[in-house]
Amino acid sequence: MQTGDRIILGTTLRPRTLDPADAYEVSSLNLIYNLGDRLYTYGLNADGRDSDGLDTNGLDADGLNADDSSDRLNSDSKSSPNPGGNSGDLVPQLATELPQISDDGLTYTIPLRSGVTFHDGTAFDAAAMAFSLERFMTQGGKPAFLLRDIVDRVEATGDLELTIHLQQPFAAFTALLAFPGLSALSPTAYGESGGAAGGFQPEQWVGTGPYRLRDMEENTIHLEVFADYWGEPPANGGVDIQIYKDNPANLFNSFRTGQVDVAYLNFDPQQIETLMADAAAGRGQAVVTQGVAVTLMVLNQQQPPLDQLPVRRAIAAAVDRPLLLDRALQGQGELLYSLVPPQVPGSVPVFQPQESADRSTMLAQAQADLRAAGYGPENPAAVELWYPNGSPIRGQAAAVLQSSIPQALGGLVDLTVQGVDSATGFSNIGKGLYPSFLISWYPDFLDGDNYLHPFLSCEAGSAAQGCTQGGAQSQGSFYWSEAVNRLIAQERQAQDPQERLEILAQIQAIAAADVPYIPLWQDRDYAFSQTGVTGVTITPSQNFPLWTIAKPGIPKSDP
């Protein structure tokens with residue numbers, strides 16, 4: 001293992017950009033998460049671990065994360081980069097307490113932390129935070145819609161008071177403010193005086209976080225501890241990120257030979273199996289958490305035969321999730337029975353058969369419904385299933401579905417599979433070119449709305465045309481439901497938490513009955529560290545905090 005108080009992190013992913021106004025990939029957002037601070041974040045336990053994940057000194061493949069409550073922070077405390085609360089708790093970071101929300105749900109007033117300095121020495125205040133959020137909306141980057149479609153305006157109503165006015169009420173807005181891309185940026189570095197206005201700065205970072213960016217090269221990124229950080233300093237003396245771009249084999253070998261201290265994203269399933277066995281034998285350590293990414297089967301309701309409800313319901317009944325988990329994921333995932341994963345409040349397993357239900361009886365009914373719709377062994381319902389051929393797991397899953405679904409339905413459905421490169425697939429899915437498609441979804445923020453609204457909402461359409469503009473169109477199902485549109489609007493505006501959970505449950509029940517999507521599995525997240533390394537954790541939002549990681553015998557660095 002490497003010596004010294006710096007941590008060497010190995011990964012196969014190179015960030016495309018460090019500009020938070022344009023970053024919308026896991027690799028970029030994870031780095032921004034460690035370099036910057038936001039108004040709110042998700043808390044960690046005092047020992048740096050995810051509250052329900054694995055202790056890095058042990059091994060328990062069933063370690064999951066849950067819980068989603070709220071906490072408040074004393075504004076006078078000197079806090080860690082992820083202050084207060086258990087994992088999953090939404091807690092203040094650059095804010096000092098949760099927002100004061102107006103009775104109509106349109107105005108959020110947020111008190112801000114004093115004594116915060118940007119990496120270039122500029123003082124943090126409400127004007128700087130307003131600048132950062134406005135820049136996020138106006139630069140036209142990939143994630144700009146997250147705020148642009150919701151926020152009317154942002155203003156500094158005091159030196160340390162920020163006021164955000166919404167276009168319409170949005171109950172999950174505080175959770176959205178924890179999105180890593182909504183980090184505070186120095187107006188000096190990114191404003192007109194810094195030459196960044198009107199353009200992205202993909203290799204620059206000037207924020208307020210516990211690390212500052214030293215350099216960003218093709219295969220290495222170096223992070224230095226920010227001496228003037230407002231909170232507790234990191235548990236290490238800096239981080240060197242070694243990038244083995246698109247080469248899991250090199251990352252695997254480098255970790256096993258001790259060239260990196262910690263390895264995170266991405267390994268092949270076979271490599272994960274080997275590293276898990278190593279950890280169980282005391283050769284290294286593993287952290288395993290239930291991820292928040294989900295994989296769904298999209299069903300295009302504007303293409304026959306998927307325009308017929310009996311066909312969609314039959315395919316949903318025929319999906320054998322345990323078989324998928326075993327053969328496609330080698331057990332490295334969790335069965336998913338809702339569009340909303342179970343650790344997110346409001347999840348209801350609406351696709352899970354009742355305990356009294358017998359699979360053979362369900363399949364017999366599905367076959368009877370298909371025959372009633374005019375299908376038989378000589379003229380089965382022919383369905384094409386597409387998948388991104390850059391994803392080996394989804395390719396294997398498509399092969400499992402191709403063989404198992406027709407067999408389960410007695411040959412009344414004929415499923416063929418086709419691969420397509422990811423860029424082409426995702427540019428064409430909203431054009432209606434694919435009857436069905438396997439997609440994976442990484443949430444922008446941990447709330448049930450972010451698993452339902454992007455897939456089921458529709459701004460324009462009809463029962464006959466389907467969705468012609470909106471989330472359902474862009475995700476390729478073209479699903480249209482006036483009832484679901486109405487319920488989504490209601491849950492976004494509901495201020496009572498229990499009322500909102502009940503509405504989310506209604507939306508999921510309707511989606512299960514109409515079957516525009518079939519939930520298949522959710523990922524497990526894996527990180528590996530050398531023996532003795534402490535503080536390795538994966539948060540519920542799939543962020544990877546670096547400031548908690550320390551090597552044995554290395555004292556915590558001084559600020």
# chains A, B, ... in the order shown; residues from 1 in each chain; ligands from 1

call {"tool": "residues_around", "arguments": {"residues": "Thr157 in chain A", "least_positions_apart": "2", "cutoff": "9 Å", "atoms": "only C-alpha atoms", "output": "PyMOL selection string"}}
result
chain A and resi 109+126-127+155+159-163

call {"tool": "residues_around", "arguments": {"residues": "Ile538 in chain A", "least_positions_apart": "3", "cutoff": "7 Å", "atoms": "only C-alpha atoms", "output": "PDB file with N, CA and C atoms, in the first residue's frame"}}
result
ATOM      1  N   ASP A  50     -21.599   5.553   5.998  1.00  0.00           N
ATOM      2  CA  ASP A  50     -23.013   5.535   5.656  1.00  0.00           C
ATOM      3  C   ASP A  50     -23.735   4.793   6.767  1.00  0.00           C
ATOM      4  N   THR A 289     -23.150  -1.041  -0.731  1.00  0.00           N
ATOM      5  CA  THR A 289     -24.393  -0.377  -0.370  1.00  0.00           C
ATOM      6  C   THR A 289     -25.424  -0.591  -1.477  1.00  0.00           C
ATOM      7  N   GLN A 542     -25.158   8.182  -3.919  1.00  0.00           N
ATOM      8  CA  GLN A 542     -24.077   7.625  -4.716  1.00  0.00           C
ATOM      9  C   GLN A 542     -22.879   8.574  -4.822  1.00  0.00           C
ATOM     10  N   ASN A 543     -22.741   9.455  -3.852  1.00  0.00           N
ATOM     11  CA  ASN A 543     -21.535  10.266  -3.768  1.00  0.00           C
ATOM     12  C   ASN A 543     -20.480   9.517  -2.958  1.00  0.00           C
ATOM     13  N   PHE A 544     -19.225   9.881  -3.196  1.00  0.00           N
ATOM     14  CA  PHE A 544     -18.109   9.162  -2.586  1.00  0.00           C
ATOM     15  C   PHE A 544     -17.222  10.174  -1.864  1.00  0.00           C
TER      16      PHE A 544
END

call {"tool": "atom_distance", "arguments": {"atom1": "CA of Gly191 in chain A", "atom2": "CA of Gly209 in chain A"}}
result
18.8 Å

call {"tool": "residues_around", "arguments": {"residues": "range 17-20 of chain A", "least_positions_apart": "3", "cutoff": "7 Å", "atoms": "only C-alpha atoms", "output": "number ranges by chain"}}
result
A: 23, 28, 32, 181-182, 200-205

call {"tool": "atom_distance", "arguments": {"atom1": "CA of Trp230 in chain A", "atom2": "CA of Lys551 in chain A"}}
result
23.5 Å

call {"tool": "atom_distance", "arguments": {"atom1": "CA of Val348 in chain A", "atom2": "CA of Pro304 in chain A"}}
result
29.3 Å

call {"tool": "residues_around", "arguments": {"residues": "Gln303 in chain A", "least_positions_apart": "6", "cutoff": "12 Å", "atoms": "only C-alpha atoms", "output": "NGL selection string"}}
result
:A and (309 or 311-312 or 381-384 or 431-436 or 465-466 or 476-479 or 516)

call {"tool": "closest_residue", "arguments": {"among": "A:Gln259, A:Thr295, A:Thr424, A:Gln332", "to": "Leu520 in chain A", "atoms": "only C-alpha atoms"}}
result
A:Thr295

call {"tool": "residues_around", "arguments": {"residues": "Thr174 in chain A", "least_positions_apart": "6", "cutoff": "12 Å", "atoms": "only C-alpha atoms", "output": "MDAnalysis selection string"}}
result
chainID A and resid 38:42 70 89:92 95 97:101 105 107:110 147 164 166 182 445:447

call {"tool": "closest_residue", "arguments": {"among": "A:Ser457, A:Val151, A:Gln469, A:Leu29", "to": "Gly430 in chain A", "atoms": "only C-alpha atoms"}}
result
A:Gln469

call {"tool": "residues_around", "arguments": {"residues": "Glu25 in chain A", "least_positions_apart": "3", "cutoff": "10 Å", "atoms": "only C-alpha atoms", "output": "NGL selection string"}}
result
:A and (13 or 15-17 or 22 or 28-30 or 142-143 or 442)

call {"tool": "closest_residue", "arguments": {"among": "A:Asn250, A:Thr138, A:Thr257, A:Gln285", "to": "Phe528 in chain A", "atoms": "only C-alpha atoms"}}
result
A:Gln285
